[in-house]
Amino acid sequence: MNKLPSIKAVVAGTGAYLPEKVLSNFDLEKMLDTSDTWIRTRTGIQERRIAAKDECSSTMAAEAAKMALECANTEAQDIDLIIVATSTPDVIFPSTACFVQKEIGAGKAAAYDVSAVCSGFIYAMSIAEQYIKSGRYKNILIIGSEVNSRILDWTDRTTCILFGDGAGAAVLKGVEAERECGVLSSHIYSDGNQSHIISVPGGIGKTSVTHEAIDEKQYCIKMVGNTTFKMAVKKMVEVAKEALEFNGLSPEDIDWMVPHQANKRIIDSVAERLDFPEEKTFINIHKYGNTSGAAIPIALHEANSSGKMKAGDLVLITGLGAGLTWGAVVIRW
Ligand SMILES: CC(C)(COP(=O)(O)OP(=O)(O)OC[C@H]1O[C@@H](n2cnc3c(N)ncnc32)[C@H](O)[C@@H]1OP(=O)(O)O)[C@@H](O)C(=O)NCCC(=O)NCCS
């Protein structure tokens with residue numbers, strides 16, 4: 001019996017934007033009681049990028065988006081929906097996605113943000129997958145963009161050494177095909193009971209901006225590092241296994257694993273528990289640190305544009321972020 005074509009959500013193009021300014025571990029040594037050796041051995045990070053004064057999530061997102069559109073050979077006016085995954089929006093409202101829409105000239109698109117922190121791009125991809133497979137939209141632009149440097153306590157060595165700024169984007173297209181291609185499945189989860197382990201506790205919507213909260217640096221990232229570390233390993237492995245099983249795949253079938261880039265030791269532990277080889281695990285944390293929602297799309301773009309990831313490759317994405325939120329996606333590239 002002939003298989004009827006169905007709509008697949010195919011990644012048609014990728015893009016990324018990294019601010020010019022590099023902040024190395026050696027620069028941090030001059031600002032804090034820390035060392036390049038400690039940061040490198042505990043996290044794998046060597047340097048990170050810091051947004052310039054006139055840059056913010058929407059400006060970086062727009063640059064990454066333009067690159068992804070060009071790569072996908074798609075005009076901005078043909079985009080039906082823009083989703084920006086960010087935990088550092090330009091302002092509380094309008095959404096960062098609306099600023100991006102204006103900047104790139106995507107006049108007919110609906111545009112909104114998703115808030116799932118480091119899992120944000122996985123969430124955005126999962127949403128885009130559903131819209132495309134249902135036939136509702138044909139061209140969706142998904143972006144992860146973060147200006148973490150603006151919500152860091154630069155006197156807290158346990159958090160500020162970890163994060164960086166940047167943006168990554170992808171264009172997903174609906175393609176009628178009989179063969180298996182594009183996003184094969186996405187799996188997303190949350191656990192609000194764990195919201196305290198990594199958060200920005202200052203609640204503008206809850207309390208307004210208060211002098212006390214500013215003095216207590218409540219508008220900055222606070223994290224229980226080792227608990228977050230353990231949860232990241234556990235949940236990223238769990239959901240990666242689920243995604244593989246769902247598609248009848250084993251780790252040997254995967255050509256590239258693109259994990260969230262939070263800590264090289266987290267990535268190594270995830271790969272080890274999945275029995276997944278290091279040479280097929282994409283890592284760029286040494287250059288950018290943890291760029292939260294931007295980390296996965298930046299990694300996807302680098303793997304794609306460097307020619308490492310090729311058409312037909314099976315790609316496994318897995319990540320965890322504040323919320324807690326976590327998820328995985330399997331893509332036939
Ligand atoms: C933050 C993190 C790197 C800390 O590494 P760790 O091995 O757990 O280190 P610990 O927190 O146990 O601290 C060990 C020691 O190093 C010290 N330390 C912490 N940060 C330091 C730094 N930047 N430089 C030097 N020393 C530091 C601590 O004060 C502690 O000293 P003590 O033993 O005298 O008390 C690690 O827990 C981590 O990566 N967590 C997950 C982060 C994450 O994924 N966040 C985002 C989720 S998306």
# chains A, B, ... in the order shown; residues from 1 in each chain; ligands from 1
$ residues_near_ligand --ligand "ligand 1" --cutoff "9 Å" --atoms "only C-alpha atoms and all ligand atoms" --output "tab-separated table (two decimals) with N, CA and C atoms, in the first residue's frame"
chain	number	residue	atom	x	y	z
A	28	LEU	N	37.86	37.65	34.15
A	28	LEU	CA	37.09	37.45	35.39
A	28	LEU	C	38.01	37.37	36.61
A	29	GLU	N	39.19	36.81	36.40
A	29	GLU	CA	40.17	36.72	37.52
A	29	GLU	C	40.45	38.11	38.11
A	32	LEU	N	37.05	39.11	40.23
A	32	LEU	CA	36.49	38.25	41.28
A	32	LEU	C	37.55	37.34	41.87
A	33	ASP	N	37.21	36.73	43.01
A	33	ASP	CA	38.10	35.72	43.59
A	33	ASP	C	37.82	34.38	42.89
A	34	THR	N	38.38	34.25	41.68
A	34	THR	CA	38.21	33.01	40.91
A	34	THR	C	39.47	32.79	40.07
A	35	SER	N	39.51	31.70	39.33
A	35	SER	CA	40.68	31.46	38.48
A	35	SER	C	40.26	30.76	37.20
A	36	ASP	N	41.06	30.97	36.18
A	36	ASP	CA	40.82	30.30	34.90
A	36	ASP	C	40.78	28.79	35.11
A	37	THR	N	41.70	28.28	35.93
A	37	THR	CA	41.75	26.82	36.16
A	37	THR	C	40.46	26.32	36.78
A	38	TRP	N	39.96	27.04	37.82
A	38	TRP	CA	38.72	26.59	38.48
A	38	TRP	C	37.58	26.57	37.46
A	39	ILE	N	37.43	27.66	36.72
A	39	ILE	CA	36.29	27.75	35.80
A	39	ILE	C	36.41	26.69	34.70
A	42	ARG	N	35.91	23.08	36.26
A	42	ARG	CA	34.57	22.81	36.82
A	42	ARG	C	33.45	22.96	35.80
A	43	THR	N	33.71	23.74	34.72
A	43	THR	CA	32.60	24.03	33.79
A	43	THR	C	32.94	23.81	32.32
A	117	VAL	N	13.19	29.41	29.78
A	117	VAL	CA	14.61	29.60	30.09
A	117	VAL	C	15.50	28.71	29.21
A	118	CYS	N	16.35	27.87	29.80
A	118	CYS	CA	17.31	27.13	28.96
A	118	CYS	C	16.65	26.09	28.06
A	119	SER	N	15.40	25.71	28.38
A	119	SER	CA	14.67	24.77	27.51
A	119	SER	C	13.83	25.52	26.49
A	156	ASP	N	28.90	37.73	42.35
A	156	ASP	CA	28.63	36.35	42.79
A	156	ASP	C	29.38	35.38	41.87
A	157	ARG	N	30.51	34.88	42.36
A	157	ARG	CA	31.35	34.02	41.51
A	157	ARG	C	30.72	32.67	41.20
A	158	THR	N	29.68	32.31	41.97
A	158	THR	CA	29.06	31.00	41.71
A	158	THR	C	28.09	31.04	40.53
A	159	THR	N	27.69	32.23	40.10
A	159	THR	CA	26.78	32.31	38.95
A	159	THR	C	27.37	33.09	37.77
A	160	CYS	N	28.03	34.23	38.04
A	160	CYS	CA	28.35	35.13	36.91
A	160	CYS	C	29.38	34.55	35.95
A	161	ILE	N	30.17	33.58	36.41
A	161	ILE	CA	31.19	32.99	35.53
A	161	ILE	C	30.56	32.04	34.49
A	162	LEU	N	29.29	31.68	34.72
A	162	LEU	CA	28.69	30.61	33.92
A	162	LEU	C	28.03	31.08	32.62
A	163	PHE	N	27.54	32.33	32.64
A	163	PHE	CA	26.60	32.72	31.57
A	163	PHE	C	27.20	33.68	30.55
A	198	ILE	N	16.69	27.41	40.68
A	198	ILE	CA	17.33	28.41	39.82
A	198	ILE	C	16.27	29.40	39.38
A	223	MET	N	21.05	30.63	42.13
A	223	MET	CA	21.03	29.21	41.77
A	223	MET	C	21.64	28.35	42.86
A	224	VAL	N	20.99	27.20	43.10
A	224	VAL	CA	21.61	26.18	43.94
A	224	VAL	C	22.34	25.26	42.96
A	225	GLY	N	23.64	25.54	42.77
A	225	GLY	CA	24.41	24.94	41.67
A	225	GLY	C	24.39	23.43	41.63
A	226	ASN	N	24.72	22.78	42.78
A	226	ASN	CA	24.87	21.32	42.70
A	226	ASN	C	23.53	20.60	42.51
A	227	THR	N	22.44	21.15	43.08
A	227	THR	CA	21.11	20.53	42.86
A	227	THR	C	20.72	20.67	41.38
A	228	THR	N	20.97	21.87	40.83
A	228	THR	CA	20.65	22.09	39.41
A	228	THR	C	21.45	21.13	38.54
A	229	PHE	N	22.71	20.96	38.89
A	229	PHE	CA	23.61	20.06	38.16
A	229	PHE	C	23.01	18.64	38.11
A	230	LYS	N	22.64	18.14	39.30
A	230	LYS	CA	22.12	16.76	39.38
A	230	LYS	C	20.80	16.62	38.61
A	231	MET	N	19.92	17.61	38.76
A	231	MET	CA	18.63	17.55	38.06
A	231	MET	C	18.85	17.59	36.55
A	232	ALA	N	19.82	18.42	36.10
A	232	ALA	CA	20.08	18.54	34.66
A	232	ALA	C	20.49	17.18	34.10
A	260	HIS	N	21.98	21.01	25.64
A	260	HIS	CA	22.08	22.37	26.17
A	260	HIS	C	23.48	22.54	26.76
A	261	GLN	N	24.06	23.73	26.54
A	261	GLN	CA	25.44	23.97	26.95
A	261	GLN	C	25.45	24.74	28.28
A	262	ALA	N	25.36	24.02	29.40
A	262	ALA	CA	25.36	24.68	30.72
A	262	ALA	C	26.66	24.43	31.46
A	263	ASN	N	27.20	23.23	31.28
A	263	ASN	CA	28.43	22.86	31.96
A	263	ASN	C	28.97	21.62	31.23
A	264	LYS	N	30.25	21.65	30.87
A	264	LYS	CA	30.84	20.52	30.12
A	264	LYS	C	30.70	19.23	30.92
A	265	ARG	N	30.77	19.34	32.27
A	265	ARG	CA	30.65	18.13	33.09
A	265	ARG	C	29.23	17.57	33.05
A	266	ILE	N	28.23	18.44	32.90
A	266	ILE	CA	26.85	17.95	32.75
A	266	ILE	C	26.75	17.19	31.42
A	290	ASN	N	27.12	29.51	29.13
A	290	ASN	CA	25.71	29.13	29.04
A	290	ASN	C	24.91	30.34	28.54
A	292	SER	N	21.75	30.23	27.88
A	292	SER	CA	20.35	29.86	28.17
A	292	SER	C	19.59	29.44	26.91
A	293	GLY	N	18.48	30.12	26.62
A	293	GLY	CA	17.64	29.72	25.49
A	293	GLY	C	18.33	29.81	24.14
A	319	GLY	N	17.80	19.15	26.79
A	319	GLY	CA	18.18	20.28	27.64
A	319	GLY	C	17.29	20.42	28.86
A	320	LEU	N	17.81	21.17	29.84
A	320	LEU	CA	17.04	21.48	31.05
A	320	LEU	C	17.26	22.95	31.41
A	321	GLY	N	16.21	23.56	31.96
A	321	GLY	CA	16.34	24.95	32.38
A	321	GLY	C	15.50	25.24	33.61
A	322	ALA	N	15.55	26.49	34.04
A	322	ALA	CA	14.77	26.90	35.21
A	322	ALA	C	13.29	26.64	34.97
A	324	LEU	N	11.36	23.98	37.07
A	324	LEU	CA	12.23	23.44	36.05
A	324	LEU	C	11.47	23.13	34.76
$ residues_around --residues "A:Ala16" --least-positions-apart "2" --cutoff "10 Å" --atoms "only C-alpha atoms" --output "MDAnalysis selection string"
chainID A and resid 14 18 60:68 143:145 166:170 294:295 297:302
$ write_last_selection --atoms "C-alpha atoms" --output "PDB file, in the first residue's frame"
ATOM      1  CA  THR A  14      19.797  28.267  10.776  1.00  0.00           C
ATOM      2  CA  LEU A  18      27.262  36.528  19.016  1.00  0.00           C
ATOM      3  CA  MET A  60      20.554  39.939  18.552  1.00  0.00           C
ATOM      4  CA  ALA A  61      17.484  37.822  17.699  1.00  0.00           C
ATOM      5  CA  ALA A  62      16.862  39.891  14.572  1.00  0.00           C
ATOM      6  CA  GLU A  63      20.445  39.378  13.364  1.00  0.00           C
ATOM      7  CA  ALA A  64      20.245  35.599  13.924  1.00  0.00           C
ATOM      8  CA  ALA A  65      16.817  35.569  12.229  1.00  0.00           C
ATOM      9  CA  LYS A  66      18.085  37.380   9.116  1.00  0.00           C
ATOM     10  CA  MET A  67      20.861  34.805   8.766  1.00  0.00           C
ATOM     11  CA  ALA A  68      18.442  31.877   9.198  1.00  0.00           C
ATOM     12  CA  ILE A 143      14.674  32.078  17.922  1.00  0.00           C
ATOM     13  CA  GLY A 144      16.500  31.784  21.247  1.00  0.00           C
ATOM     14  CA  SER A 145      18.024  35.077  22.392  1.00  0.00           C
ATOM     15  CA  GLY A 166      23.912  35.550  22.168  1.00  0.00           C
ATOM     16  CA  ALA A 167      21.143  34.443  19.828  1.00  0.00           C
ATOM     17  CA  GLY A 168      20.383  31.544  17.519  1.00  0.00           C
ATOM     18  CA  ALA A 169      17.528  30.971  15.070  1.00  0.00           C
ATOM     19  CA  ALA A 170      15.984  28.394  12.765  1.00  0.00           C
ATOM     20  CA  ALA A 294      20.166  30.668  22.799  1.00  0.00           C
ATOM     21  CA  ALA A 295      22.604  27.832  23.475  1.00  0.00           C
ATOM     22  CA  PRO A 297      20.128  27.140  18.355  1.00  0.00           C
ATOM     23  CA  ILE A 298      23.664  28.587  18.346  1.00  0.00           C
ATOM     24  CA  ALA A 299      25.049  25.037  18.582  1.00  0.00           C
ATOM     25  CA  LEU A 300      22.692  23.820  15.834  1.00  0.00           C
ATOM     26  CA  HIS A 301      23.798  26.682  13.595  1.00  0.00           C
ATOM     27  CA  GLU A 302      27.495  26.003  14.198  1.00  0.00           C
TER      28      GLU A 302
END
$ select_by_dssp --residues "stretch 151-291 of chain A" --states "strand (DSSP E or B)" --output "PyMOL selection string"
chain A and resi 163+165-177+182-190+198-199+222-223+256-259+281+290
$ select_by_dssp --residues "stretch 289-331 of chain A" --states "helix (DSSP H, G or I)" --output "count of residues only"
14
$ closest_residue --among "A:Val330, A:Leu316, A:Asp215, A:Asp253" --to "A:Phe282" --atoms "only C-alpha atoms"
A:Leu316
$ atom_distance --atom1 "atom CA of A:Thr325" --atom2 "atom CA of A:Gln194"
9.3 Å
$ closest_residue --among "A:Ala328, A:Ile92, A:Ile267, A:Val11" --to "A:Phe121" --atoms "only C-alpha atoms"
A:Ala328
